[in-house]
>>> print(open('upload_29.txt').read())   # compact mmCIF, C-alpha atoms
# COMPACT_ATOMS: atom_id res chain seq x y z
CA MET A 1 0.00 0.00 0.00
CA ARG A 2 1.01 3.62 -0.19
CA LEU A 3 0.36 6.78 1.77
CA VAL A 4 -1.40 9.44 -0.29
CA HIS A 5 -1.94 13.12 0.52
CA ILE A 6 -5.63 14.04 0.77
CA ASN A 7 -5.31 16.41 -2.21
CA LEU A 8 -4.15 13.56 -4.45
CA LEU A 9 -7.03 11.19 -3.72
CA GLN A 10 -9.18 10.14 -6.66
CA PRO A 11 -12.60 8.43 -6.76
CA GLY A 12 -12.15 4.70 -7.25
CA MET A 13 -9.09 4.40 -4.99
CA LYS A 14 -9.43 1.77 -2.25
CA LEU A 15 -8.44 2.23 1.37
CA GLY A 16 -5.47 0.17 2.50
CA LYS A 17 -5.99 0.82 6.23
CA ARG A 18 -8.89 1.71 8.47
CA ILE A 19 -9.56 5.34 9.35
CA TYR A 20 -10.33 6.05 13.00
CA SER A 21 -12.03 8.90 14.81
CA GLU A 22 -10.40 10.52 17.82
CA GLU A 23 -12.38 8.13 20.07
CA GLY A 24 -10.89 5.14 18.27
CA VAL A 25 -14.12 4.37 16.38
CA VAL A 26 -13.69 3.04 12.85
CA LEU A 27 -14.95 5.65 10.36
CA LEU A 28 -14.06 3.73 7.20
CA SER A 29 -12.83 0.15 6.87
CA GLU A 30 -9.99 -1.03 4.68
CA GLY A 31 -11.04 -2.00 1.17
CA VAL A 32 -13.69 0.73 0.94
CA GLU A 33 -13.76 2.37 -2.49
CA LEU A 34 -13.53 6.14 -2.24
CA THR A 35 -16.11 8.38 -3.86
CA SER A 36 -16.07 12.15 -4.35
CA ARG A 37 -18.44 12.44 -1.40
CA LEU A 38 -16.22 10.35 0.90
CA ILE A 39 -13.11 12.27 -0.13
CA GLY A 40 -14.89 15.53 0.67
CA ARG A 41 -15.91 14.15 4.06
CA LEU A 42 -12.32 13.15 4.85
CA LYS A 43 -11.18 16.69 4.01
CA ASP A 44 -13.88 18.10 6.29
CA LEU A 45 -12.56 15.92 9.12
CA GLY A 46 -9.08 17.38 8.62
CA ILE A 47 -7.43 14.11 7.63
CA GLY A 48 -4.19 14.82 5.81
CA TYR A 49 -3.12 11.39 4.51
CA VAL A 50 -4.80 8.13 3.62
CA TYR A 51 -3.38 4.65 3.08
CA ILE A 52 -4.34 3.39 -0.38
CA ALA A 53 -4.09 -0.18 -1.71
CA ASP A 54 -2.83 -0.60 -5.27
CA ALA A 55 -1.09 -3.22 -7.40
CA ALA A 56 2.22 -1.35 -7.70
CA THR A 57 2.74 -1.29 -3.94
CA GLU A 58 0.75 -4.29 -2.72
CA ASP A 59 3.85 -5.89 -1.18
CA ILE A 60 4.72 -2.79 0.87
CA ILE A 61 3.36 -3.55 4.33
CA ILE A 62 2.95 -0.67 6.76
CA PRO A 63 3.55 -2.10 10.25
CA ASP A 64 1.86 -0.79 13.38
CA MET A 65 4.03 0.06 16.38
CA LEU A 66 1.46 -1.61 18.62
CA GLN A 67 -0.81 -4.55 17.99
CA GLU A 68 -4.38 -3.44 17.37
CA GLU A 69 -5.65 -5.13 20.55
CA THR A 70 -2.90 -3.48 22.64
CA ARG A 71 -3.76 -0.07 21.22
CA ARG A 72 -7.49 -0.59 21.81
CA ARG A 73 -6.94 -1.76 25.37
CA ALA A 74 -4.53 1.11 26.07
CA LEU A 75 -6.92 3.79 24.84
CA VAL A 76 -9.80 2.33 26.87
CA GLU A 77 -7.64 2.23 30.01
CA ILE A 78 -6.21 5.73 29.51
CA LYS A 79 -9.63 7.21 28.83
CA GLN A 80 -11.14 5.50 31.88
CA GLN A 81 -8.41 6.64 34.24
CA PHE A 82 -8.22 10.18 32.89
CA GLN A 83 -11.99 10.64 32.97
CA SER A 84 -12.07 9.42 36.56
CA MET A 85 -9.85 12.43 37.36
CA SER A 86 -11.92 15.04 35.55
CA GLY A 87 -13.27 17.56 38.00
CA VAL A 88 -11.64 15.75 40.96
CA LYS A 89 -9.71 18.15 43.17
CA THR A 90 -6.09 17.06 43.36
CA LYS A 91 -6.11 17.02 47.17
CA SER A 92 -9.12 14.68 47.28
CA ARG A 93 -8.84 10.91 47.47
CA ILE A 94 -8.48 9.50 43.98
CA PRO A 95 -8.73 5.96 42.55
CA HIS A 96 -5.62 3.77 42.61
CA PHE A 97 -4.63 3.04 39.03
CA GLY A 98 -0.93 2.19 39.27
CA LYS A 99 -1.43 -1.58 39.15
CA ALA A 100 -3.64 -1.50 36.04
CA LEU A 101 -1.32 0.84 34.16
CA SER A 102 1.79 -1.15 35.13
CA GLY A 103 0.20 -4.23 33.53
CA LEU A 104 -0.60 -2.21 30.42
CA MET A 105 2.98 -0.93 30.29
CA ASN A 106 4.29 -4.50 30.33
CA THR A 107 2.15 -5.31 27.29
CA ILE A 108 3.30 -2.19 25.41
CA LEU A 109 6.93 -3.06 26.14
CA GLU A 110 6.36 -6.60 24.84
CA ASP A 111 4.93 -5.20 21.58
CA ILE A 112 7.89 -2.86 21.12
CA GLY A 113 10.36 -5.59 22.08
CA SER A 114 8.86 -7.98 19.53
CA GLN A 115 10.02 -5.71 16.70
CA LYS A 116 13.44 -6.56 15.34
CA GLU A 117 14.57 -2.95 15.32
CA ALA A 118 12.00 -0.61 16.84
CA MET A 119 11.78 2.83 15.26
CA ILE A 120 9.49 5.80 15.72
CA MET A 121 6.83 5.36 13.05
CA LEU A 122 3.87 7.72 13.00
CA MET A 123 0.83 6.22 14.70
CA ASP A 124 -1.90 8.63 13.58
CA MET A 125 -1.33 9.43 9.91
CA ASN A 126 -4.95 8.67 9.03
CA SER A 127 -6.86 9.56 12.20
CA SER A 128 -9.23 12.50 12.24
CA ASP A 129 -7.88 14.75 14.99
CA PHE A 130 -5.71 15.24 18.06
CA ASP A 131 -7.00 14.14 21.46
CA LEU A 132 -5.48 13.72 24.90
CA TYR A 133 -5.80 9.92 25.06
CA ASN A 134 -4.13 9.15 21.72
CA HIS A 135 -1.49 11.79 22.40
CA SER A 136 -0.64 10.20 25.75
CA LEU A 137 -0.27 6.77 24.15
CA ASN A 138 1.76 8.07 21.20
CA VAL A 139 4.17 9.94 23.45
CA CYS A 140 4.53 6.85 25.62
CA VAL A 141 5.44 4.63 22.66
CA TYR A 142 7.84 7.17 21.13
CA THR A 143 9.55 7.73 24.48
CA LEU A 144 9.94 3.99 25.08
CA VAL A 145 11.62 3.56 21.68
CA LEU A 146 14.09 6.27 22.69
CA GLY A 147 14.61 4.55 26.03
CA VAL A 148 15.31 1.20 24.36
CA ALA A 149 17.77 2.89 21.97
CA SER A 150 19.48 4.50 24.98
CA GLY A 151 20.01 1.13 26.66
CA TYR A 152 17.62 1.66 29.56
CA THR A 153 16.91 -1.25 31.90
CA ARG A 154 13.44 -2.78 32.25
CA GLN A 155 12.88 -0.82 35.45
CA GLN A 156 13.93 2.44 33.78
CA LEU A 157 11.64 1.73 30.84
CA MET A 158 8.73 1.18 33.22
CA GLU A 159 9.50 4.48 34.96
CA ILE A 160 9.83 6.59 31.85
CA GLY A 161 6.97 4.74 30.13
CA LEU A 162 4.53 5.45 32.95
CA GLY A 163 5.80 9.02 33.12
CA ALA A 164 5.15 9.45 29.42
CA LEU A 165 1.74 7.78 29.53
CA LEU A 166 0.64 10.07 32.38
CA HIS A 167 2.58 13.23 31.53
CA ASP A 168 -0.59 15.18 30.69
CA ILE A 169 -2.91 13.78 33.37
CA GLY A 170 -2.93 17.21 34.99
CA LYS A 171 -5.00 18.46 32.05
CA THR A 172 -7.96 16.64 33.59
CA GLN A 173 -8.02 19.55 36.07
CA ILE A 174 -8.26 22.22 33.34
CA ALA A 175 -11.65 23.57 32.23
CA PRO A 176 -12.69 21.89 28.94
CA GLU A 177 -13.52 25.21 27.28
CA ILE A 178 -9.87 26.24 27.69
CA LEU A 179 -8.33 22.84 27.06
CA HIS A 180 -10.25 22.31 23.80
CA LYS A 181 -10.31 25.89 22.56
CA PRO A 182 -9.94 25.69 18.73
CA SER A 183 -8.05 28.97 18.41
CA ARG A 184 -4.96 30.51 19.94
CA LEU A 185 -5.05 30.88 23.73
CA SER A 186 -4.93 34.25 25.46
CA ASP A 187 -2.04 34.94 27.82
CA GLU A 188 -4.28 34.29 30.81
CA GLU A 189 -5.59 31.03 29.34
CA PHE A 190 -2.04 29.88 28.60
CA LYS A 191 -1.09 30.49 32.24
CA ILE A 192 -4.00 28.26 33.26
CA ILE A 193 -2.89 25.53 30.82
CA GLN A 194 0.63 25.68 32.25
CA GLN A 195 -0.73 24.58 35.61
CA HIS A 196 -1.32 21.06 34.23
CA THR A 197 2.31 20.19 35.04
CA THR A 198 1.94 20.90 38.76
CA TYR A 199 -1.53 19.32 38.86
CA GLY A 200 -0.09 16.18 37.28
CA HIS A 201 2.72 16.01 39.82
CA ARG A 202 0.27 16.33 42.71
CA ILE A 203 -1.92 13.56 41.33
CA LEU A 204 0.96 11.14 40.75
CA LYS A 205 3.52 11.75 43.51
CA ASP A 206 1.76 9.71 46.19
CA GLU A 207 -0.10 7.27 43.96
CA PRO A 208 0.65 3.60 44.83
CA GLY A 209 2.32 1.74 41.97
CA ILE A 210 3.42 4.93 40.18
CA PRO A 211 7.17 5.66 40.46
CA LEU A 212 8.05 9.09 41.84
CA LEU A 213 10.11 9.71 38.69
CA ALA A 214 6.89 9.39 36.66
CA ALA A 215 5.50 12.28 38.70
CA HIS A 216 8.64 14.27 37.88
CA CYS A 217 8.01 13.59 34.19
CA ALA A 218 4.59 15.21 34.53
CA LEU A 219 6.13 18.15 36.35
CA GLN A 220 9.13 18.79 34.08
CA HIS A 221 8.14 17.83 30.52
CA HIS A 222 7.73 21.49 29.51
CA GLU A 223 11.06 22.61 31.00
CA ARG A 224 13.77 23.53 28.47
CA ILE A 225 17.53 23.49 28.92
CA ASP A 226 17.92 27.27 28.44
CA GLY A 227 15.46 27.98 31.26
CA SER A 228 12.66 29.17 28.97
CA GLY A 229 10.26 26.39 29.95
CA TYR A 230 7.76 26.00 32.77
CA PRO A 231 6.70 25.70 35.55
CA PHE A 232 10.03 26.56 37.23
CA GLY A 233 12.33 27.68 34.40
CA LEU A 234 14.80 24.87 35.18
CA LYS A 235 18.02 24.68 33.18
CA ASP A 236 20.13 21.88 31.74
CA ASN A 237 21.14 19.41 34.48
CA GLU A 238 18.33 20.62 36.75
CA ILE A 239 15.94 18.76 34.43
CA HIS A 240 15.74 14.98 34.75
CA GLU A 241 16.88 13.04 31.68
CA TYR A 242 13.49 11.32 31.40
CA ALA A 243 11.75 14.69 31.10
CA LYS A 244 14.20 15.77 28.38
CA TRP A 245 13.32 12.72 26.26
CA LEU A 246 9.67 13.30 26.97
CA ALA A 247 9.92 16.93 25.82
CA LEU A 248 11.11 15.75 22.40
CA ALA A 249 8.45 13.07 22.02
CA ASP A 250 5.70 15.40 23.25
CA SER A 251 6.63 18.21 20.84
CA TYR A 252 7.07 15.78 17.94
CA ASP A 253 3.64 14.21 18.42
CA ALA A 254 1.99 17.61 18.82
CA MET A 255 3.42 18.71 15.47
CA THR A 256 2.71 15.50 13.55
CA THR A 257 -0.93 15.13 14.63
CA ASN A 258 -3.86 16.92 13.00
CA ARG A 259 -5.52 19.75 14.92
CA VAL A 260 -8.74 21.58 14.15
CA TYR A 261 -6.71 24.72 13.48
CA LYS A 262 -3.71 23.29 11.63
CA GLN A 263 -2.68 20.33 9.50
CA ALA A 264 -0.06 17.93 10.79
CA LEU A 265 3.55 18.29 9.73
CA LEU A 266 5.37 15.39 8.16
CA PRO A 267 8.12 13.75 10.25
CA HIS A 268 11.02 15.37 8.37
CA GLN A 269 9.40 18.79 8.84
CA ALA A 270 8.84 18.20 12.55
CA VAL A 271 12.44 17.06 13.05
CA GLU A 272 13.59 20.21 11.25
CA VAL A 273 11.59 22.32 13.72
CA LEU A 274 13.03 20.41 16.68
CA TYR A 275 16.55 21.03 15.41
CA THR A 276 16.00 24.80 15.51
CA GLY A 277 15.98 24.33 19.29
CA SER A 278 19.28 22.43 19.40
CA GLY A 279 21.41 23.59 22.31
CA THR A 280 18.72 25.96 23.60
CA LEU A 281 15.54 23.95 24.09
CA TYR A 282 16.88 20.42 23.66
CA GLU A 283 20.27 18.74 24.10
CA GLN A 284 22.04 18.19 20.78
CA ARG A 285 23.06 14.62 21.65
CA MET A 286 19.42 13.77 22.37
CA LEU A 287 18.24 15.36 19.15
CA GLU A 288 20.77 13.26 17.23
CA LYS A 289 19.55 10.08 18.92
CA PHE A 290 15.96 11.09 18.26
CA ARG A 291 16.68 11.74 14.58
CA ASP A 292 18.35 8.34 14.26
CA CYS A 293 15.27 6.64 15.74
CA VAL A 294 12.67 8.38 13.54
CA ALA A 295 11.47 7.14 10.16
CA ILE A 296 11.41 10.69 8.80
CA TYR A 297 9.90 9.51 5.52
CA PRO A 298 7.08 7.09 6.43
CA LEU A 299 6.76 3.78 4.62
CA GLY A 300 4.57 4.12 1.54
CA ILE A 301 4.74 7.90 1.23
CA SER A 302 5.27 9.37 -2.25
CA VAL A 303 8.48 11.36 -2.56
CA LYS A 304 10.15 13.46 -5.25
CA LEU A 305 13.78 12.69 -6.08
CA SER A 306 16.55 14.98 -7.27
CA THR A 307 16.45 13.04 -10.56
CA GLY A 308 12.92 14.32 -11.15
CA GLU A 309 11.43 10.86 -10.61
CA ILE A 310 8.59 10.12 -8.17
CA GLY A 311 8.37 6.99 -6.07
CA VAL A 312 7.22 5.58 -2.76
CA VAL A 313 9.27 4.66 0.29
CA ALA A 314 9.50 0.87 0.06
CA ALA A 315 11.84 0.12 2.96
CA ILE A 316 13.60 1.98 5.76
CA HIS A 317 17.14 1.22 6.90
CA SER A 318 17.27 1.45 10.69
CA ARG A 319 20.90 2.57 10.65
CA VAL A 320 20.29 5.32 8.09
CA PRO A 321 16.55 6.09 8.21
CA GLN A 322 17.13 9.29 6.25
CA ARG A 323 18.19 7.21 3.21
CA PRO A 324 15.33 4.74 2.50
CA ARG A 325 14.79 2.45 -0.48
CA ILE A 326 12.50 4.06 -3.05
CA ARG A 327 10.26 2.29 -5.56
CA VAL A 328 10.16 4.59 -8.59
CA LEU A 329 6.67 4.78 -10.14
CA LYS A 330 6.98 7.84 -12.40
CA ASP A 331 9.84 9.00 -14.58
CA ALA A 332 11.31 12.51 -14.67
CA TYR A 333 8.58 13.56 -17.13
CA GLY A 334 5.75 12.45 -14.84
CA GLN A 335 4.89 9.37 -16.89
CA THR A 336 3.81 6.25 -14.99
CA LEU A 337 6.29 3.41 -15.48
CA SER A 338 5.01 0.06 -16.73
CA ALA A 339 7.85 -1.64 -14.85
CA PRO A 340 8.68 0.18 -11.59
CA TYR A 341 12.19 -0.24 -10.20
CA GLU A 342 13.90 0.58 -6.93
CA ILE A 343 16.71 2.91 -5.88
CA ASP A 344 18.44 2.33 -2.55
CA LEU A 345 19.43 5.76 -1.31
CA SER A 346 21.77 4.24 1.27
CA THR A 347 24.07 3.32 -1.64
CA ALA A 348 22.94 5.74 -4.38
CA LEU A 349 24.42 8.69 -2.52
CA SER A 350 24.10 11.13 -5.43
CA VAL A 351 20.28 10.89 -5.35
CA MET A 352 18.37 12.95 -2.80
CA ILE A 353 14.75 13.25 -1.65
CA THR A 354 13.70 16.79 -2.52
CA GLY A 355 10.12 16.74 -1.27
CA VAL A 356 6.87 14.88 -0.73
CA GLU A 357 4.36 14.65 -3.56
CA GLY A 358 1.42 16.98 -3.09
CA VAL A 359 2.99 18.85 -0.16
CA GLU A 360 4.63 22.25 0.08
CA ASP A 361 7.89 21.43 1.86
CA ALA A 362 8.40 24.75 3.62
CA THR A 363 7.92 24.32 7.36
CA PRO A 364 5.24 26.73 8.62
CA ALA A 365 6.59 29.40 10.96
CA SER A 366 3.54 28.88 13.18
CA ALA A 367 4.75 25.36 14.01
CA ARG A 368 7.87 26.83 15.60
CA ASN A 369 5.83 29.27 17.65
CA GLU A 370 3.36 26.70 18.95
CA ILE A 371 5.81 24.25 20.48
CA PHE A 372 8.17 26.87 21.88
>>> encode(input="upload_29.txt", output="structure tokens")
Amino acid sequence: MRLVHINLLQPGMKLGKRIYSEEGVVLLSEGVELTSRLIGRLKDLGIGYVYIADAATEDIIIPDMLQEETRRRALVEIKQQFQSMSGVKTKSRIPHFGKALSGLMNTILEDIGSQKEAMIMLMDMNSSDFDLYNHSLNVCVYTLVLGVASGYTRQQLMEIGLGALLHDIGKTQIAPEILHKPSRLSDEEFKIIQQHTTYGHRILKDEPGIPLLAAHCALQHHERIDGSGYPFGLKDNEIHEYAKWLALADSYDAMTTNRVYKQALLPHQAVEVLYTGSGTLYEQRMLEKFRDCVAIYPLGISVKLSTGEIGVVAAIHSRVPQRPRIRVLKDAYGQTLSAPYEIDLSTALSVMITGVEGVEDATPASARNEIF
């Protein structure tokens, strides 16, 4: 299958993967033939990309970072626990959820560990919008991949994984009309949003089964190494390493997920934005590790080459994810090839990816402003 930008969809194309709503409900099943009406509806929902099945790419399999049952169970558990906190004052007695989430974390780690070489692959390319539950799960999975790549022990992975899964639990204490506001926040509203870090710490710090370091993740994930973050303006070594990894994963997911007021960035665009904060917002060594763990050009996406040809990403090399193998489908004149062939960019070093088909490659300035 291949990943097609919404503007390039044509009636008659067939879905290669299900499309989900923000609640995890299936909107369209795989194999459904698209019509003009359905394409219009997908645009209205803000979906940027769709997986399409076709003969030229039928052997390109897009793996999921989590098994479908694990993802379903995780979202149900996260939603249940987060909703149980909504409107509950942080000093009141709250339900004990550490045991249930520790069991879930074990399952997530097993899914990630079952992959030969785990990489950060986008989890929501064809979902309809951003929401707190999917964001929490995505950030958890991305952070765990970084933890595995950093050689963390099982205990450390449990700590950082639970911290990532629960990093935004403090948002359950924020008024919905502010939390879900579809336009830019006022200065006063932003100050209220910032309180979610301290709320999260209060909820988690004494919770049985939740490591204290997970509470620190909730508290520090918006701190930045130059002191420009919140809530305390901590600098460099004052910030725990877990929170530094979490800051990268959190910002990356925020940029690569659709919002009602902006379309998601592609991975290579999001990584470019993150790199503008190298040495000021994020540690350079961590950015380099993050870059090496990210499939910046997702499997199946259509890319333009410096030769003028157009093809799809057919395989990703874990050691050099920036140089994937490309299946060329169109020649330099835009003509569809009767016999597609492949170019391995890890060896064909003179050929470069110059852009993604159907997408303006300039990174919006607003993306920089929103995560900083």
>>> closest_residue(input="upload_29.txt", among="A:Val351, A:His240, A:Ser302, A:Pro208", to="Leu8 of chain A", atoms="only C-alpha atoms")
A:Ser302
>>> atom_distance(input="upload_29.txt", atom1="atom CA of Leu42 of chain A", atom2="atom CA of Glu58 of chain A")
23.1 Å
>>> residues_near_point(input="upload_29.txt", point="(7.8, 14.6, 24.9)", cutoff="10 Å", atoms="all atoms listed in the file", output="PyMOL selection string")
chain A and resi 136+138-140+142-143+164+167+217+221-222+242-254
>>> residues_around(input="upload_29.txt", residues="Ala100 of chain A", least_positions_apart="3", cutoff="10 Å", atoms="only C-alpha atoms", output="list in words")
Glu77, Gln81, His96, Phe97, Gly103, Leu104, Met105 and Gly209 of chain A
>>> closest_residue(input="upload_29.txt", among="A:Gly113, A:Gly48, A:Gly233, A:Gly334", to="Leu66 of chain A", atoms="only C-alpha atoms")
A:Gly113
>>> closest_residue(input="upload_29.txt", among="A:Met13, A:Ile239, A:Met158, A:Ala118", to="Gln220 of chain A", atoms="only C-alpha atoms")
A:Ile239
>>> atom_distance(input="upload_29.txt", atom1="atom CA of Asp226 of chain A", atom2="atom CA of Thr280 of chain A")
5.1 Å
>>> axis_aligned_box(input="upload_29.txt", around="segment 193-201 of chain A", padding_each_side="5 Å", output="JSON")
{"center_x": -0.1, "center_y": 20.8, "center_z": 35.3, "size_x": 15.6, "size_y": 19.7, "size_z": 19.0}
>>> closest_residue(input="upload_29.txt", among="A:Ile160, A:Gly31, A:Gln194, A:Gly300", to="Gly229 of chain A", atoms="all atoms listed in the file")
A:Gln194
>>> atom_distance(input="upload_29.txt", atom1="atom CA of Arg325 of chain A", atom2="atom CA of Val145 of chain A")
22.4 Å
>>> closest_residue(input="upload_29.txt", among="A:Pro340, A:Ala295, A:Asp236, A:Gly200", to="Ser318 of chain A", atoms="only C-alpha atoms")
A:Ala295
>>> closest_residue(input="upload_29.txt", among="A:Leu329, A:Leu287, A:Ile296, A:Val273", to="Asp54 of chain A", atoms="only C-alpha atoms")
A:Leu329
>>> residues_near_point(input="upload_29.txt", point="(4.0, 6.0, 33.6)", cutoff="7 Å", atoms="all atoms listed in the file", output="PDB file with C-alpha atoms, keeping the file's coordinate frame")
ATOM      1  CA  MET A 158       8.730   1.180  33.220  1.00  0.00           C
ATOM      2  CA  GLU A 159       9.500   4.480  34.960  1.00  0.00           C
ATOM      3  CA  ILE A 160       9.830   6.590  31.850  1.00  0.00           C
ATOM      4  CA  GLY A 161       6.970   4.740  30.130  1.00  0.00           C
ATOM      5  CA  LEU A 162       4.530   5.450  32.950  1.00  0.00           C
ATOM      6  CA  GLY A 163       5.800   9.020  33.120  1.00  0.00           C
ATOM      7  CA  ALA A 164       5.150   9.450  29.420  1.00  0.00           C
ATOM      8  CA  LEU A 165       1.740   7.780  29.530  1.00  0.00           C
ATOM      9  CA  LEU A 166       0.640  10.070  32.380  1.00  0.00           C
ATOM     10  CA  ILE A 210       3.420   4.930  40.180  1.00  0.00           C
ATOM     11  CA  ALA A 214       6.890   9.390  36.660  1.00  0.00           C
TER      12      ALA A 214
END
>>> residues_around(input="upload_29.txt", residues="Ser228 of chain A", least_positions_apart="5", cutoff="9 Å", atoms="all atoms listed in the file", output="PyMOL selection string")
chain A and resi 223+233-235+280-281+372
>>> build_atoms(input="upload_29.txt", residues="segment 57-75 of chain A", atoms="N, CA, C and O atoms", output="CSV table (one decimal), in the coordinates of the input")
chain,number,residue,atom,x,y,z
A,57,THR,N,2.1,-1.3,-5.3
A,57,THR,CA,2.7,-1.3,-3.9
A,57,THR,C,2.1,-2.3,-3.0
A,57,THR,O,2.2,-2.2,-1.8
A,58,GLU,N,1.5,-3.3,-3.6
A,58,GLU,CA,0.8,-4.3,-2.7
A,58,GLU,C,1.7,-5.1,-1.8
A,58,GLU,O,1.2,-5.6,-0.7
A,59,ASP,N,2.9,-5.2,-2.1
A,59,ASP,CA,3.8,-5.9,-1.2
A,59,ASP,C,4.5,-5.0,-0.1
A,59,ASP,O,5.3,-5.5,0.7
A,60,ILE,N,4.2,-3.7,-0.1
A,60,ILE,CA,4.7,-2.8,0.9
A,60,ILE,C,3.8,-2.8,2.1
A,60,ILE,O,2.6,-2.3,2.0
A,61,ILE,N,4.2,-3.4,3.1
A,61,ILE,CA,3.4,-3.6,4.3
A,61,ILE,C,3.7,-2.5,5.3
A,61,ILE,O,4.9,-2.3,5.7
A,62,ILE,N,2.7,-1.7,5.8
A,62,ILE,CA,3.0,-0.7,6.8
A,62,ILE,C,2.7,-1.2,8.2
A,62,ILE,O,1.6,-1.5,8.5
A,63,PRO,N,3.8,-1.5,8.9
A,63,PRO,CA,3.6,-2.1,10.2
A,63,PRO,C,3.0,-1.1,11.3
A,63,PRO,O,3.2,0.1,11.1
A,64,ASP,N,2.3,-1.6,12.3
A,64,ASP,CA,1.9,-0.8,13.4
A,64,ASP,C,2.8,-0.9,14.5
A,64,ASP,O,3.3,-2.0,14.8
A,65,MET,N,3.1,0.1,15.3
A,65,MET,CA,4.0,0.1,16.4
A,65,MET,C,3.5,-0.8,17.5
A,65,MET,O,4.2,-1.4,18.3
A,66,LEU,N,2.1,-0.8,17.6
A,66,LEU,CA,1.5,-1.6,18.6
A,66,LEU,C,0.5,-2.5,17.9
A,66,LEU,O,-0.1,-2.1,16.9
A,67,GLN,N,0.3,-3.7,18.5
A,67,GLN,CA,-0.8,-4.6,18.0
A,67,GLN,C,-2.1,-3.9,18.2
A,67,GLN,O,-2.3,-3.1,19.2
A,68,GLU,N,-3.1,-4.1,17.3
A,68,GLU,CA,-4.4,-3.4,17.4
A,68,GLU,C,-5.1,-3.6,18.7
A,68,GLU,O,-5.7,-2.7,19.3
A,69,GLU,N,-5.0,-4.9,19.3
A,69,GLU,CA,-5.6,-5.1,20.6
A,69,GLU,C,-5.0,-4.4,21.7
A,69,GLU,O,-5.6,-3.9,22.6
A,70,THR,N,-3.6,-4.2,21.6
A,70,THR,CA,-2.9,-3.5,22.6
A,70,THR,C,-3.3,-2.0,22.6
A,70,THR,O,-3.6,-1.4,23.6
A,71,ARG,N,-3.4,-1.5,21.4
A,71,ARG,CA,-3.8,-0.1,21.2
A,71,ARG,C,-5.2,0.2,21.7
A,71,ARG,O,-5.4,1.1,22.4
A,72,ARG,N,-6.1,-0.7,21.4
A,72,ARG,CA,-7.5,-0.6,21.8
A,72,ARG,C,-7.6,-0.6,23.3
A,72,ARG,O,-8.2,0.2,24.0
A,73,ARG,N,-6.9,-1.6,23.9
A,73,ARG,CA,-6.9,-1.8,25.4
A,73,ARG,C,-6.3,-0.5,26.0
A,73,ARG,O,-6.8,0.0,27.1
A,74,ALA,N,-5.2,-0.1,25.5
A,74,ALA,CA,-4.5,1.1,26.1
A,74,ALA,C,-5.4,2.3,26.1
A,74,ALA,O,-5.5,3.1,27.1
A,75,LEU,N,-6.1,2.6,24.9
A,75,LEU,CA,-6.9,3.8,24.8
A,75,LEU,C,-8.1,3.7,25.8
A,75,LEU,O,-8.5,4.7,26.4
